[in-house]
file target.cif (mmCIF, C-alpha atoms and all ligand atoms)
data_my_file
#
loop_
_atom_site.group_PDB
_atom_site.id
_atom_site.type_symbol
_atom_site.label_atom_id
_atom_site.label_comp_id
_atom_site.auth_asym_id
_atom_site.auth_seq_id
_atom_site.Cartn_x
_atom_site.Cartn_y
_atom_site.Cartn_z
ATOM 1 C CA MET A 1 11.306 -14.419 -0.331
ATOM 2 C CA GLY A 2 8.372 -12.088 -0.085
ATOM 3 C CA ARG A 3 5.785 -11.529 -2.741
ATOM 4 C CA THR A 4 3.949 -8.369 -3.628
ATOM 5 C CA TYR A 5 0.739 -8.474 -5.634
ATOM 6 C CA LEU A 6 -1.132 -5.860 -7.540
ATOM 7 C CA PHE A 7 -4.640 -5.245 -6.231
ATOM 8 C CA GLU A 8 -7.242 -3.334 -8.168
ATOM 9 C CA CYS A 9 -10.699 -2.105 -7.336
ATOM 10 C CA PRO A 10 -13.226 -2.802 -10.113
ATOM 11 C CA ARG A 11 -15.374 0.149 -9.019
ATOM 12 C CA CYS A 12 -13.193 3.112 -8.027
ATOM 13 C CA GLU A 13 -9.999 1.993 -9.797
ATOM 14 C CA TYR A 14 -7.959 2.143 -6.619
ATOM 15 C CA ARG A 15 -4.693 0.314 -7.317
ATOM 16 C CA VAL A 16 -2.039 -0.770 -4.874
ATOM 17 C CA ALA A 17 0.906 -3.164 -4.780
ATOM 18 C CA VAL A 18 0.976 -4.933 -1.426
ATOM 19 C CA ALA A 19 1.558 -8.394 -0.029
ATOM 20 C CA GLY A 20 -2.094 -9.007 0.851
ATOM 21 C CA GLY A 21 -1.180 -10.689 4.131
ATOM 22 C CA VAL A 22 2.026 -11.644 5.891
ATOM 23 C CA GLU A 23 5.148 -12.078 3.756
ATOM 24 C CA GLN A 24 8.555 -13.046 4.982
ATOM 25 C CA GLY A 25 11.796 -11.896 3.385
ATOM 26 C CA LEU A 26 15.423 -12.264 4.356
ATOM 27 C CA LEU A 27 15.631 -8.994 6.219
ATOM 28 C CA CYS A 28 12.106 -8.210 7.202
ATOM 29 C CA GLN A 29 8.603 -9.514 7.553
ATOM 30 C CA VAL A 30 5.830 -7.320 6.292
ATOM 31 C CA GLN A 31 2.122 -7.460 6.898
ATOM 32 C CA THR A 32 -0.597 -5.717 4.929
ATOM 33 C CA PHE A 33 -2.664 -3.226 6.894
ATOM 34 C CA ARG A 34 -5.514 -0.912 6.055
ATOM 35 C CA CYS A 35 -5.187 2.624 7.363
ATOM 36 C CA ARG A 36 -8.597 4.035 8.231
ATOM 37 C CA ASP A 37 -7.279 7.592 8.227
ATOM 38 C CA CYS A 38 -5.473 7.412 4.868
ATOM 39 C CA SER A 39 -8.021 5.049 3.213
ATOM 40 C CA THR A 40 -5.187 2.991 1.785
ATOM 41 C CA LEU A 41 -3.646 -0.434 2.037
ATOM 42 C CA LEU A 42 0.006 -0.591 2.949
ATOM 43 C CA ASP A 43 2.698 -3.073 3.828
ATOM 44 C CA VAL A 44 4.093 -2.458 7.266
ATOM 45 C CA PRO A 45 7.361 -3.957 8.531
ATOM 46 C CA VAL A 46 6.416 -5.990 11.598
ATOM 47 C CA ARG A 47 9.674 -7.851 12.177
ATOM 48 C CA VAL A 48 13.160 -6.897 11.040
ATOM 49 C CA ARG A 49 16.335 -8.849 11.107
ATOM 50 C CA VAL A 50 19.317 -7.269 12.793
ATOM 51 C CA THR A 51 22.599 -8.793 11.721
ATOM 52 C CA ASP A 52 25.384 -9.250 14.229
ATOM 53 C CA ARG A 53 27.730 -7.079 12.216
ATOM 54 C CA GLU A 54 25.498 -4.026 12.051
ATOM 55 C CA GLY A 55 23.556 -4.842 15.168
ATOM 56 C CA PRO A 56 23.887 -2.763 18.274
ATOM 57 C CA GLY A 57 25.428 -4.082 21.437
ATOM 58 C CA PRO A 58 23.285 -4.763 24.447
ATOM 59 C CA GLY A 59 21.979 -1.663 26.141
ATOM 60 C CA ARG A 60 22.172 0.489 23.035
ATOM 61 C CA PRO A 61 18.600 0.759 21.783
ATOM 62 C CA GLU A 62 19.441 4.099 20.072
ATOM 63 C CA ALA A 63 21.797 2.280 17.701
ATOM 64 C CA LEU A 64 19.017 -0.126 16.813
ATOM 65 C CA GLN A 65 16.652 2.771 16.177
ATOM 66 C CA ASP A 66 19.268 4.364 13.912
ATOM 67 C CA GLN A 67 19.730 1.160 11.990
ATOM 68 C CA LEU A 68 16.003 0.761 11.474
ATOM 69 C CA ARG A 69 15.637 4.395 10.506
ATOM 70 C CA ARG A 70 18.257 3.966 7.788
ATOM 71 C CA ARG A 71 16.459 0.954 6.415
ATOM 72 C CA PHE A 72 12.946 2.364 6.548
ATOM 73 C CA THR A 73 13.278 6.039 5.707
ATOM 74 C CA ASN A 74 10.220 8.089 6.568
ATOM 75 C CA TRP A 75 8.684 5.406 8.737
ATOM 76 C CA HIS A 76 7.469 6.053 12.231
ATOM 77 C CA LEU A 77 8.907 2.920 13.686
ATOM 78 C CA ARG A 78 7.984 2.114 17.210
ATOM 79 C CA LEU A 79 10.178 -0.293 19.082
ATOM 80 C CA PRO A 80 8.553 -2.349 21.771
ATOM 81 C CA ILE A 81 9.606 -1.282 25.212
ATOM 82 C CA GLY A 82 12.564 -3.286 26.426
ATOM 83 C CA ALA A 83 13.357 -4.756 23.007
ATOM 84 C CA ALA A 84 16.293 -7.065 23.439
ATOM 85 C CA ALA A 85 19.011 -5.528 21.297
ATOM 86 C CA ARG A 86 20.757 -8.844 20.809
ATOM 87 C CA ASP A 87 17.764 -10.536 19.225
ATOM 88 C CA ARG A 88 18.327 -11.289 15.589
ATOM 89 C CA TRP A 89 14.702 -10.545 14.828
ATOM 90 C CA VAL A 90 13.182 -7.434 16.305
ATOM 91 C CA VAL A 91 9.416 -7.185 16.534
ATOM 92 C CA LEU A 92 8.048 -3.769 15.665
ATOM 93 C CA LYS A 93 4.798 -2.221 16.662
ATOM 94 C CA PRO A 94 2.944 -1.724 13.361
ATOM 95 C CA CYS A 95 1.945 1.810 12.502
ATOM 96 C CA CYS A 96 1.130 4.020 9.510
ATOM 97 C CA PRO A 97 4.151 5.822 7.974
ATOM 98 C CA VAL A 98 2.103 9.008 7.665
ATOM 99 C CA SER A 99 1.390 9.302 11.372
ATOM 100 C CA PRO A 100 1.831 6.941 14.312
ATOM 101 C CA ILE A 101 -1.623 7.871 15.630
ATOM 102 C CA HIS A 102 -3.451 6.641 12.520
ATOM 103 C CA ARG A 103 -5.783 3.714 13.085
ATOM 104 C CA ILE A 104 -4.614 0.663 11.171
ATOM 105 C CA GLU A 105 -5.924 -2.888 11.067
ATOM 106 C CA PRO A 106 -4.614 -6.086 9.437
ATOM 107 C CA TRP A 107 -5.911 -6.713 5.930
ATOM 108 C CA THR A 108 -5.763 -10.023 4.093
ATOM 109 C CA HIS A 109 -6.686 -11.112 0.605
ATOM 110 C CA PRO A 110 -9.517 -11.506 -0.319
ATOM 111 C CA GLY A 111 -10.565 -8.195 1.168
ATOM 112 C CA ARG A 112 -12.397 -4.991 0.498
ATOM 113 C CA CYS A 113 -11.344 -1.727 -1.107
ATOM 114 C CA PRO A 114 -10.264 0.802 1.555
ATOM 115 C CA ARG A 115 -12.177 3.497 -0.325
ATOM 116 C CA CYS A 116 -15.450 1.994 -1.547
ATOM 117 C CA GLU A 117 -15.688 -1.435 0.187
ATOM 118 C CA VAL A 118 -15.955 -3.478 -3.039
ATOM 119 C CA HIS A 119 -13.861 -6.663 -3.111
ATOM 120 C CA LEU A 120 -10.464 -6.060 -4.682
ATOM 121 C CA ASP A 121 -9.160 -8.122 -7.594
ATOM 122 C CA ARG A 122 -5.685 -9.556 -7.263
ATOM 123 C CA THR A 123 -3.296 -10.428 -10.066
ATOM 124 C CA VAL A 124 -2.526 -14.148 -10.209
ATOM 125 C CA MET A 125 1.197 -13.695 -10.649
ATOM 126 C CA PRO A 126 3.194 -11.726 -8.103
ATOM 127 C CA TYR A 127 3.828 -8.169 -9.184
ATOM 128 C CA ARG A 128 7.211 -8.187 -7.501
ATOM 129 C CA ILE A 129 9.304 -10.731 -5.623
ATOM 130 C CA TRP A 130 11.700 -9.326 -3.045
ATOM 131 C CA GLU A 131 14.390 -10.753 -0.824
HETATM 132 ZN ZN ZN B 201 -12.841 0.917 -4.582
HETATM 133 ZN ZN ZN B 202 -2.425 6.504 7.671
#

call {"tool": "encode", "arguments": {"input": "target.cif", "output": "structure tokens", "more": "lines below"}}
Ligand SMILES: [Zn+2]
Ligand SMILES: [Zn+2]
result
Amino acid sequence: MGRTYLFECPRCEYRVAVAGGVEQGLLCQVQTFRCRDCSTLLDVPVRVRVTDREGPGPGRPEALQDQLRRRFTNWHLRLPIGAAARDRWVVLKPCCPVSPIHRIEPWTHPGRCPRCEVHLDRTVMPYRIWE
């Protein structure tokens, strides 16, 4: 189970629902990153689970790409070179969904607002719990 929290900036009213660190679900592991180019926080899939049924056979990295593309529409997913297609968990190279050349860095709670650098407030209860 992964948890998403609501973070709010007391100064500029920036609001975002992210994990605030690393969260592990059944099908993927996400990690919160700050994109310096977008000035936002975002959850990035860093590991995804490939089931045997839908998983590609060995030597078919295109099939794996297709599968990931279906699951994460609009993401610029970058597979590590030589990713073993048979692995149940595939490690992804984290990147911003807007552009793969954006500069992103890990962000963990407690942390600063990506816009005005004030510490963000986090709700106590998870905003959303996902599988
Ligand atoms: Zn702010
Ligand atoms: Zn970005």

call {"tool": "resolve_selection", "arguments": {"input": "target.cif", "expression": "the PyMOL selection byres (((chain A and resi 27) around 9) and not hetatm)", "output": "mmCIF file with C-alpha atoms, in the frame of the given file"}}
result
data_model
loop_
_atom_site.group_PDB
_atom_site.id
_atom_site.type_symbol
_atom_site.label_atom_id
_atom_site.label_comp_id
_atom_site.auth_asym_id
_atom_site.auth_seq_id
_atom_site.Cartn_x
_atom_site.Cartn_y
_atom_site.Cartn_z
ATOM 1 C CA GLN A 24 8.555 -13.046 4.982
ATOM 2 C CA GLY A 25 11.796 -11.896 3.385
ATOM 3 C CA LEU A 26 15.423 -12.264 4.356
ATOM 4 C CA CYS A 28 12.106 -8.210 7.202
ATOM 5 C CA GLN A 29 8.603 -9.514 7.553
ATOM 6 C CA ARG A 47 9.674 -7.851 12.177
ATOM 7 C CA VAL A 48 13.160 -6.897 11.040
ATOM 8 C CA ARG A 49 16.335 -8.849 11.107
ATOM 9 C CA VAL A 50 19.317 -7.269 12.793
ATOM 10 C CA THR A 51 22.599 -8.793 11.721
ATOM 11 C CA TRP A 89 14.702 -10.545 14.828
ATOM 12 C CA GLU A 131 14.390 -10.753 -0.824
#

call {"tool": "residues_near_ligand", "arguments": {"input": "target.cif", "ligand": "ligand ZN 202 (chain B)", "cutoff": "12 Å", "atoms": "only C-alpha atoms and all ligand atoms", "output": "PyMOL selection string"}}
result
chain A and resi 33-44+75-76+94-105+114

call {"tool": "residues_near_ligand", "arguments": {"input": "target.cif", "ligand": "ligand ZN 201 (chain B)", "cutoff": "9 Å", "atoms": "all atoms listed in the file", "output": "PDB file with C-alpha atoms, in the frame of the given file"}}
result
ATOM      1  CA  GLU A   8      -7.242  -3.334  -8.168  1.00  0.00           C
ATOM      2  CA  CYS A   9     -10.699  -2.105  -7.336  1.00  0.00           C
ATOM      3  CA  PRO A  10     -13.226  -2.802 -10.113  1.00  0.00           C
ATOM      4  CA  ARG A  11     -15.374   0.149  -9.019  1.00  0.00           C
ATOM      5  CA  CYS A  12     -13.193   3.112  -8.027  1.00  0.00           C
ATOM      6  CA  GLU A  13      -9.999   1.993  -9.797  1.00  0.00           C
ATOM      7  CA  TYR A  14      -7.959   2.143  -6.619  1.00  0.00           C
ATOM      8  CA  ARG A  15      -4.693   0.314  -7.317  1.00  0.00           C
ATOM      9  CA  ARG A 112     -12.397  -4.991   0.498  1.00  0.00           C
ATOM     10  CA  CYS A 113     -11.344  -1.727  -1.107  1.00  0.00           C
ATOM     11  CA  PRO A 114     -10.264   0.802   1.555  1.00  0.00           C
ATOM     12  CA  ARG A 115     -12.177   3.497  -0.325  1.00  0.00           C
ATOM     13  CA  CYS A 116     -15.450   1.994  -1.547  1.00  0.00           C
ATOM     14  CA  GLU A 117     -15.688  -1.435   0.187  1.00  0.00           C
ATOM     15  CA  VAL A 118     -15.955  -3.478  -3.039  1.00  0.00           C
ATOM     16  CA  HIS A 119     -13.861  -6.663  -3.111  1.00  0.00           C
ATOM     17  CA  LEU A 120     -10.464  -6.060  -4.682  1.00  0.00           C
TER      18      LEU A 120
END

call {"tool": "resolve_selection", "arguments": {"input": "target.cif", "expression": "the PyMOL selection byres (((chain A and resi 130) around 6) and not hetatm)", "output": "PyMOL selection string"}}
result
chain A and resi 1-2+129+131

call {"tool": "axis_aligned_box", "arguments": {"input": "target.cif", "around": "stretch 98-116 of chain A", "padding_each_side": "5 Å", "output": "lines of an AutoDock Vina configuration file"}}
result
center_x = -6.7
center_y = -1.1
center_z = 7.0
size_x = 27.6
size_y = 30.8
size_z = 27.2

call {"tool": "residues_around", "arguments": {"input": "target.cif", "residues": "A:Gln31", "least_positions_apart": "3", "cutoff": "8 Å", "atoms": "only C-alpha atoms", "output": "list in words"}}
result
Ala19, Gly20, Gly21, Val22, Glu23, Asp43, Val44, Pro45, Val46 and Pro106 of chain A

call {"tool": "residues_around", "arguments": {"input": "target.cif", "residues": "A:Phe7", "least_positions_apart": "4", "cutoff": "6 Å", "atoms": "only C-alpha atoms", "output": "list in words"}}
result
Arg15, Val16, Asp121 and Arg122 of chain A

call {"tool": "write_last_selection", "arguments": {"input": "target.cif", "atoms": "C-alpha atoms", "output": "compact mmCIF listing (two decimals), in the frame of the given file"}}
result
# COMPACT_ATOMS: atom_id res chain seq x y z
CA ARG A 15 -4.69 0.31 -7.32
CA VAL A 16 -2.04 -0.77 -4.87
CA ASP A 121 -9.16 -8.12 -7.59
CA ARG A 122 -5.68 -9.56 -7.26

call {"tool": "atom_distance", "arguments": {"input": "target.cif", "atom1": "atom CA of A:Val91", "atom2": "atom CA of A:Ala17"}}
result
23.3 Å

call {"tool": "resolve_selection", "arguments": {"input": "target.cif", "expression": "the PyMOL selection byres (((chain A and resi 128) around 7) and not hetatm)", "output": "PyMOL selection string"}}
result
chain A and resi 3-5+126-127+129-130

call {"tool": "atom_distance", "arguments": {"input": "target.cif", "atom1": "atom CA of A:Thr108", "atom2": "atom CA of A:Met125"}}
result
16.7 Å

call {"tool": "atom_distance", "arguments": {"input": "target.cif", "atom1": "atom CA of A:Val90", "atom2": "atom CA of A:Leu64"}}
result
9.4 Å
